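Novice: Got a structure for you, structure-v3.pdb, holding PDB, C-alpha atoms.
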```pdb
ATOM      1  CA  MET O1219     -19.659 -36.383 -44.325  1.00  0.00           C
ATOM      2  CA  THR O1220     -19.076 -33.398 -42.061  1.00  0.00           C
ATOM      3  CA  LYS O1221     -19.727 -29.849 -43.037  1.00  0.00           C
ATOM      4  CA  LYS O1222     -17.103 -27.247 -42.223  1.00  0.00           C
ATOM      5  CA  TYR O1223     -18.402 -24.341 -40.215  1.00  0.00           C
ATOM      6  CA  LYS O1224     -17.833 -21.062 -41.974  1.00  0.00           C
ATOM      7  CA  GLU O1225     -17.924 -17.811 -40.003  1.00  0.00           C
ATOM      8  CA  THR O1226     -20.328 -15.207 -41.235  1.00  0.00           C
ATOM      9  CA  VAL O1227     -19.245 -11.649 -41.866  1.00  0.00           C
ATOM     10  CA  ILE O1228     -21.097 -10.491 -38.717  1.00  0.00           C
ATOM     11  CA  GLU O1229     -19.274 -13.100 -36.595  1.00  0.00           C
ATOM     12  CA  LYS O1230     -15.931 -12.020 -38.011  1.00  0.00           C
ATOM     13  CA  ILE O1231     -16.691  -8.371 -37.217  1.00  0.00           C
ATOM     14  CA  PHE O1232     -17.881  -9.319 -33.722  1.00  0.00           C
ATOM     15  CA  ILE O1233     -14.732 -11.371 -32.989  1.00  0.00           C
ATOM     16  CA  GLY O1234     -12.457  -8.668 -34.422  1.00  0.00           C
ATOM     17  CA  PHE O1235     -14.182  -6.012 -32.330  1.00  0.00           C
ATOM     18  CA  PHE O1236     -13.618  -7.915 -29.086  1.00  0.00           C
ATOM     19  CA  ARG O1237     -10.034  -8.732 -29.993  1.00  0.00           C
ATOM     20  CA  GLY O1238      -9.469  -5.002 -30.463  1.00  0.00           C
ATOM     21  CA  ILE O1239     -11.078  -4.234 -27.100  1.00  0.00           C
ATOM     22  CA  TRP O1240      -8.891  -6.889 -25.428  1.00  0.00           C
ATOM     23  CA  TRP O1241      -5.791  -5.392 -27.028  1.00  0.00           C
ATOM     24  CA  LEU O1242      -6.735  -1.925 -25.713  1.00  0.00           C
ATOM     25  CA  VAL O1243      -7.330  -3.305 -22.200  1.00  0.00           C
ATOM     26  CA  LYS O1244      -3.920  -5.030 -22.152  1.00  0.00           C
ATOM     27  CA  LEU O1245      -2.029  -2.066 -23.634  1.00  0.00           C
ATOM     28  CA  PRO O1246      -1.388  -0.089 -20.398  1.00  0.00           C
ATOM     29  CA  PHE O1247      -0.042  -3.215 -18.685  1.00  0.00           C
ATOM     30  CA  LYS O1248       2.497  -4.232 -21.331  1.00  0.00           C
ATOM     31  CA  GLY O1249       5.461  -2.648 -19.531  1.00  0.00           C
ATOM     32  CA  LEU O1250       4.531  -4.061 -16.126  1.00  0.00           C
ATOM     33  CA  LYS O1251       5.882  -7.553 -16.628  1.00  0.00           C
ATOM     34  CA  LYS O1252       8.366  -8.803 -14.068  1.00  0.00           C
ATOM     35  CA  SER O1253      11.943  -8.550 -15.182  1.00  0.00           C
ATOM     36  CA  SER O1254      14.180 -11.357 -14.019  1.00  0.00           C
ATOM     37  CA  ARG O1255      17.391  -9.430 -14.677  1.00  0.00           C
ATOM     38  CA  LEU O1256      18.772  -6.166 -13.395  1.00  0.00           C
ATOM     39  CA  SER O1257      20.526  -3.740 -15.718  1.00  0.00           C
ATOM     40  CA  VAL O1258      24.300  -3.415 -15.527  1.00  0.00           C
ATOM     41  CA  SER O1259      24.075  -0.107 -13.640  1.00  0.00           C
ATOM     42  CA  ASP O1260      21.542  -1.653 -11.231  1.00  0.00           C
ATOM     43  CA  GLN O1261      23.893  -4.595 -10.666  1.00  0.00           C
ATOM     44  CA  GLN O1262      26.741  -2.193  -9.926  1.00  0.00           C
ATOM     45  CA  HIS O1263      24.548  -0.302  -7.456  1.00  0.00           C
ATOM     46  CA  LEU O1264      23.574  -3.607  -5.832  1.00  0.00           C
ATOM     47  CA  ILE O1265      27.199  -4.705  -5.428  1.00  0.00           C
ATOM     48  CA  THR O1266      28.219  -1.329  -3.985  1.00  0.00           C
ATOM     49  CA  LYS O1267      25.368  -1.303  -1.450  1.00  0.00           C
ATOM     50  CA  LYS O1268      25.919  -4.947  -0.500  1.00  0.00           C
ATOM     51  CA  ASN O1269      29.616  -4.281   0.136  1.00  0.00           C
ATOM     52  CA  GLU O1270      28.769  -1.245   2.275  1.00  0.00           C
ATOM     53  CA  ILE O1271      26.350  -3.341   4.334  1.00  0.00           C
ATOM     54  CA  LEU O1272      28.743  -6.280   4.646  1.00  0.00           C
ATOM     55  CA  SER O1273      31.514  -3.959   5.842  1.00  0.00           C
ATOM     56  CA  LEU O1274      29.358  -3.203   8.883  1.00  0.00           C
ATOM     57  CA  LEU O1275      29.022  -6.893   9.820  1.00  0.00           C
ATOM     58  CA  ASP O1276      32.265  -6.887  11.821  1.00  0.00           C
ATOM     59  CA  SER O1277      31.258  -3.860  13.844  1.00  0.00           C
ATOM     60  CA  GLU O1278      30.715  -4.183  17.573  1.00  0.00           C
ATOM     61  CA  ASN O1279      28.673  -0.985  17.555  1.00  0.00           C
ATOM     62  CA  PRO O1280      24.974  -1.920  17.906  1.00  0.00           C
ATOM     63  CA  ILE O1281      23.896   1.278  16.154  1.00  0.00           C
ATOM     64  CA  GLU O1282      25.927   0.372  13.063  1.00  0.00           C
ATOM     65  CA  LEU O1283      24.530  -3.175  13.089  1.00  0.00           C
ATOM     66  CA  ARG O1284      20.963  -1.877  13.378  1.00  0.00           C
ATOM     67  CA  HIS O1285      21.662   0.546  10.546  1.00  0.00           C
ATOM     68  CA  ALA O1286      23.018  -2.330   8.440  1.00  0.00           C
ATOM     69  CA  VAL O1287      19.810  -4.335   9.012  1.00  0.00           C
ATOM     70  CA  LEU O1288      17.694  -1.376   7.883  1.00  0.00           C
ATOM     71  CA  GLU O1289      19.919  -0.828   4.841  1.00  0.00           C
ATOM     72  CA  ALA O1290      19.822  -4.528   3.908  1.00  0.00           C
ATOM     73  CA  ASP O1291      16.033  -4.469   4.107  1.00  0.00           C
ATOM     74  CA  LYS O1292      15.891  -1.345   1.919  1.00  0.00           C
ATOM     75  CA  LEU O1293      18.202  -2.991  -0.596  1.00  0.00           C
ATOM     76  CA  ALA O1294      16.057  -6.141  -0.737  1.00  0.00           C
ATOM     77  CA  ASP O1295      12.975  -3.968  -1.276  1.00  0.00           C
ATOM     78  CA  TRP O1296      14.764  -2.057  -4.029  1.00  0.00           C
ATOM     79  CA  ILE O1297      15.584  -5.365  -5.756  1.00  0.00           C
ATOM     80  CA  LEU O1298      11.950  -6.486  -5.583  1.00  0.00           C
ATOM     81  CA  LYS O1299      10.783  -3.169  -7.025  1.00  0.00           C
ATOM     82  CA  LYS O1300      13.371  -3.295  -9.817  1.00  0.00           C
ATOM     83  CA  LYS O1301      12.245  -6.807 -10.708  1.00  0.00           C
ATOM     84  CA  GLY O1302       8.686  -5.533 -11.059  1.00  0.00           C
ATOM     85  CA  TYR O1303       6.964  -7.044  -8.030  1.00  0.00           C
ATOM     86  CA  GLY O1304       3.943  -5.025  -7.021  1.00  0.00           C
ATOM     87  CA  GLY O1305       2.568  -4.081  -3.656  1.00  0.00           C
ATOM     88  CA  GLU O1306       2.402  -1.191  -1.260  1.00  0.00           C
ATOM     89  CA  THR O1307       4.881  -2.576   1.267  1.00  0.00           C
ATOM     90  CA  PHE O1308       7.999  -4.701   1.313  1.00  0.00           C
ATOM     91  CA  ALA O1309       5.916  -7.560   2.737  1.00  0.00           C
ATOM     92  CA  ASP O1310       3.462  -7.318  -0.169  1.00  0.00           C
ATOM     93  CA  ARG O1311       6.264  -7.370  -2.723  1.00  0.00           C
ATOM     94  CA  LEU O1312       7.999 -10.276  -0.983  1.00  0.00           C
ATOM     95  CA  ARG O1313       4.746 -12.284  -1.003  1.00  0.00           C
ATOM     96  CA  ALA O1314       4.393 -11.515  -4.720  1.00  0.00           C
ATOM     97  CA  ALA O1315       7.916 -12.881  -5.301  1.00  0.00           C
ATOM     98  CA  GLU O1316       7.421 -16.032  -3.213  1.00  0.00           C
ATOM     99  CA  LYS O1317       7.167 -18.368  -6.213  1.00  0.00           C
ATOM    100  CA  ASP O1318      10.373 -16.994  -7.718  1.00  0.00           C
ATOM    101  CA  ILE O1319      12.566 -17.205  -4.599  1.00  0.00           C
ATOM    102  CA  PRO O1320      13.856 -20.534  -3.251  1.00  0.00           C
ATOM    103  CA  ARG O1321      11.927 -21.544  -0.120  1.00  0.00           C
ATOM    104  CA  GLY O1322      14.947 -21.367   2.219  1.00  0.00           C
ATOM    105  CA  ALA O1323      15.956 -17.906   1.023  1.00  0.00           C
ATOM    106  CA  TYR O1324      12.340 -16.717   1.209  1.00  0.00           C
ATOM    107  CA  ASN O1325      12.061 -17.819   4.852  1.00  0.00           C
ATOM    108  CA  ASN O1326      15.427 -16.247   5.684  1.00  0.00           C
ATOM    109  CA  ILE O1327      14.382 -12.930   4.163  1.00  0.00           C
ATOM    110  CA  TRP O1328      11.152 -13.007   6.198  1.00  0.00           C
ATOM    111  CA  GLN O1329      13.077 -13.695   9.401  1.00  0.00           C
ATOM    112  CA  GLY O1330      15.444 -10.823   8.665  1.00  0.00           C
ATOM    113  CA  HIS O1331      12.520  -8.532   7.870  1.00  0.00           C
ATOM    114  CA  LYS O1332      10.913  -9.396  11.212  1.00  0.00           C
ATOM    115  CA  ILE O1333      14.111  -8.286  12.969  1.00  0.00           C
ATOM    116  CA  ARG O1334      14.047  -5.098  10.902  1.00  0.00           C
ATOM    117  CA  ASN O1335      10.478  -4.468  12.068  1.00  0.00           C
ATOM    118  CA  GLN O1336      11.519  -4.950  15.679  1.00  0.00           C
ATOM    119  CA  ILE O1337      14.222  -2.323  15.177  1.00  0.00           C
ATOM    120  CA  ALA O1338      11.992   0.123  13.319  1.00  0.00           C
ATOM    121  CA  HIS O1339       8.762  -0.221  15.293  1.00  0.00           C
ATOM    122  CA  GLU O1340       9.559  -1.619  18.710  1.00  0.00           C
ATOM    123  CA  ASN O1341      13.087  -0.342  19.383  1.00  0.00           C
ATOM    124  CA  ALA O1342      13.741  -3.803  20.810  1.00  0.00           C
ATOM    125  CA  GLU O1343      17.073  -4.886  22.265  1.00  0.00           C
ATOM    126  CA  ILE O1344      18.521  -7.422  19.852  1.00  0.00           C
ATOM    127  CA  SER O1345      21.790  -9.286  20.251  1.00  0.00           C
ATOM    128  CA  HIS O1346      24.723  -8.610  17.933  1.00  0.00           C
ATOM    129  CA  GLN O1347      24.500 -12.199  16.743  1.00  0.00           C
ATOM    130  CA  ALA O1348      20.805 -11.856  15.825  1.00  0.00           C
ATOM    131  CA  LEU O1349      21.487  -8.576  14.003  1.00  0.00           C
ATOM    132  CA  ARG O1350      24.292 -10.157  11.982  1.00  0.00           C
ATOM    133  CA  ALA O1351      22.077 -13.139  11.152  1.00  0.00           C
ATOM    134  CA  ALA O1352      19.291 -10.785  10.030  1.00  0.00           C
ATOM    135  CA  ILE O1353      21.675  -8.960   7.702  1.00  0.00           C
ATOM    136  CA  ARG O1354      22.842 -12.230   6.127  1.00  0.00           C
ATOM    137  CA  ASP O1355      19.248 -13.478   5.906  1.00  0.00           C
ATOM    138  CA  ILE O1356      17.970 -10.390   4.134  1.00  0.00           C
ATOM    139  CA  LEU O1357      20.934 -10.308   1.766  1.00  0.00           C
ATOM    140  CA  SER O1358      20.162 -13.884   0.710  1.00  0.00           C
ATOM    141  CA  ILE O1359      17.838 -12.337  -1.874  1.00  0.00           C
ATOM    142  CA  ASN O1360      19.347 -12.654  -5.337  1.00  0.00           C
ATOM    143  CA  GLY O1361      19.605  -9.558  -7.465  1.00  0.00           C
TER     144      GLY O1361
END
```
The structure given in the file should be rewritten as structure tokens.

Specialist:
Amino acid sequence: MTKKYKETVIEKIFIGFFRGIWWLVKLPFKGLKKSSRLSVSDQQHLITKKNEILSLLDSENPIELRHAVLEADKLADWILKKKGYGGETFADRLRAAEKDIPRGAYNNIWQGHKIRNQIAHENAEISHQALRAAIRDILSING
């Protein structure tokens, strides 16, 4: 015959106290969960920006193509922020989202971001074809 263990009053108070402490610790972080969906207004903003960027794809002007790469990168970063991924930089947020982005798209976004960094930090000469590919790669992120 087995005896059932019965909690004492002190144990119940002790457990309740620590549950209350845990609740207080978690409280400030309740609103920081990742959101998998964008609001309707955010989706409209995303579509508008994507269309603006895509309209520059046919340009033969390298300045417009470079601008489109930078804008695509900003848009991808905005999406990651809106979905609640943390980090100080785009790279940090993209790493945080790695599990939620299909592997092929993740690699494409990284490749596009590398081109963006070459534009922003190195002022490198990049072919029109590579710029267009970078824009498509970065925009492969799903909003």

Novice: Care to translate the PyMOL selection byres ((chain O and resi 1318) around 12) into actual residues of this file, as a list in words?

Specialist: Lys1252, Ser1253, Ser1254, Leu1298, Lys1301, Tyr1303, Arg1311, Leu1312, Arg1313, Ala1314, Ala1315, Glu1316, Lys1317, Ile1319, Pro1320, Arg1321, Gly1322, Ala1323, Tyr1324, Ile1359, Asn1360 and Gly1361 of chain O

Novice: Enumerate, as a list in words, the residues matched when the PyMOL selection byres ((chain O and resi 1332) around 12) is run on the file above.

Specialist: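 Applied to this file, the PyMOL selection byres ((chain O and resi 1332) around 12) selects Val1287, Leu1288, Asp1291, Phe1308, Ala1309, Asn1325, Asn1326, Ile1327, Trp1328, Gln1329, Gly1330, His1331, Ile1333, Arg1334, Asn1335, Gln1336, Ile1337, Ala1338, His1339, Glu1340, Ala1342, Ile1344, Ala1348, Leu1349, Ala1351, Ala1352, Ile1353, Asp1355 and Ile1356 of chain O.
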
Novice: Can you measure CA of Lys1299 in chain O to CA of His1346 in chain O for me? One decimal in Å is fine.

Specialist: 29.1 Å

Novice: Which polymer residues have any atom within 9 Å of an atom of Leu1264 in chain O, counting only C-alpha atoms, with same-chain residues fewer than 5 positions away left out, as a ChimeraX atom specification?

Specialist: /O:1259,1269,1293,1297,1361

Novice: Between CA of Pro1280 in chain O and CA of Asp1260 in chain O, measure the distance and give it in Å to one decimal.

Specialist: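 Computed distance, CA of Pro1280 in chain O to CA of Asp1260 in chain O, equals 29.3 Å.
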
Novice: Please evaluate the PyMOL selection byres ((chain O and resi 1272) around 10) against the structure above and give the resulting residues as a PyMOL selection string.

Specialist: chain O and resi 1266-1271+1273-1277+1283+1286+1290+1350+1353-1354+1357

Novice: Would you compute the distance between CA of Gln1261 in chain O and CA of Trp1296 in chain O? Give it in Å to one decimal.

Specialist: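 We find that CA of Gln1261 in chain O and CA of Trp1296 in chain O lie 11.6 Å from each other.
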
Novice: So, counting only C-alpha atoms, which residue among O:Lys1244, O:Arg1255, O:Arg1237, O:Arg1284 is closest to Gln1347 in chain O?

Specialist: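 Answer, going by the shortest atom-to-atom distance: O:Arg1284.
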
Novice: May I ask which of the residues O:Glu1343, O:Glu1229, O:His1263, O:Gly1305 is the closest one to Ile1281 in chain O, counting all atoms listed in the file?

Specialist: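 Of the candidates, the smallest distance to Ile1281 in chain O is held by O:Glu1343.
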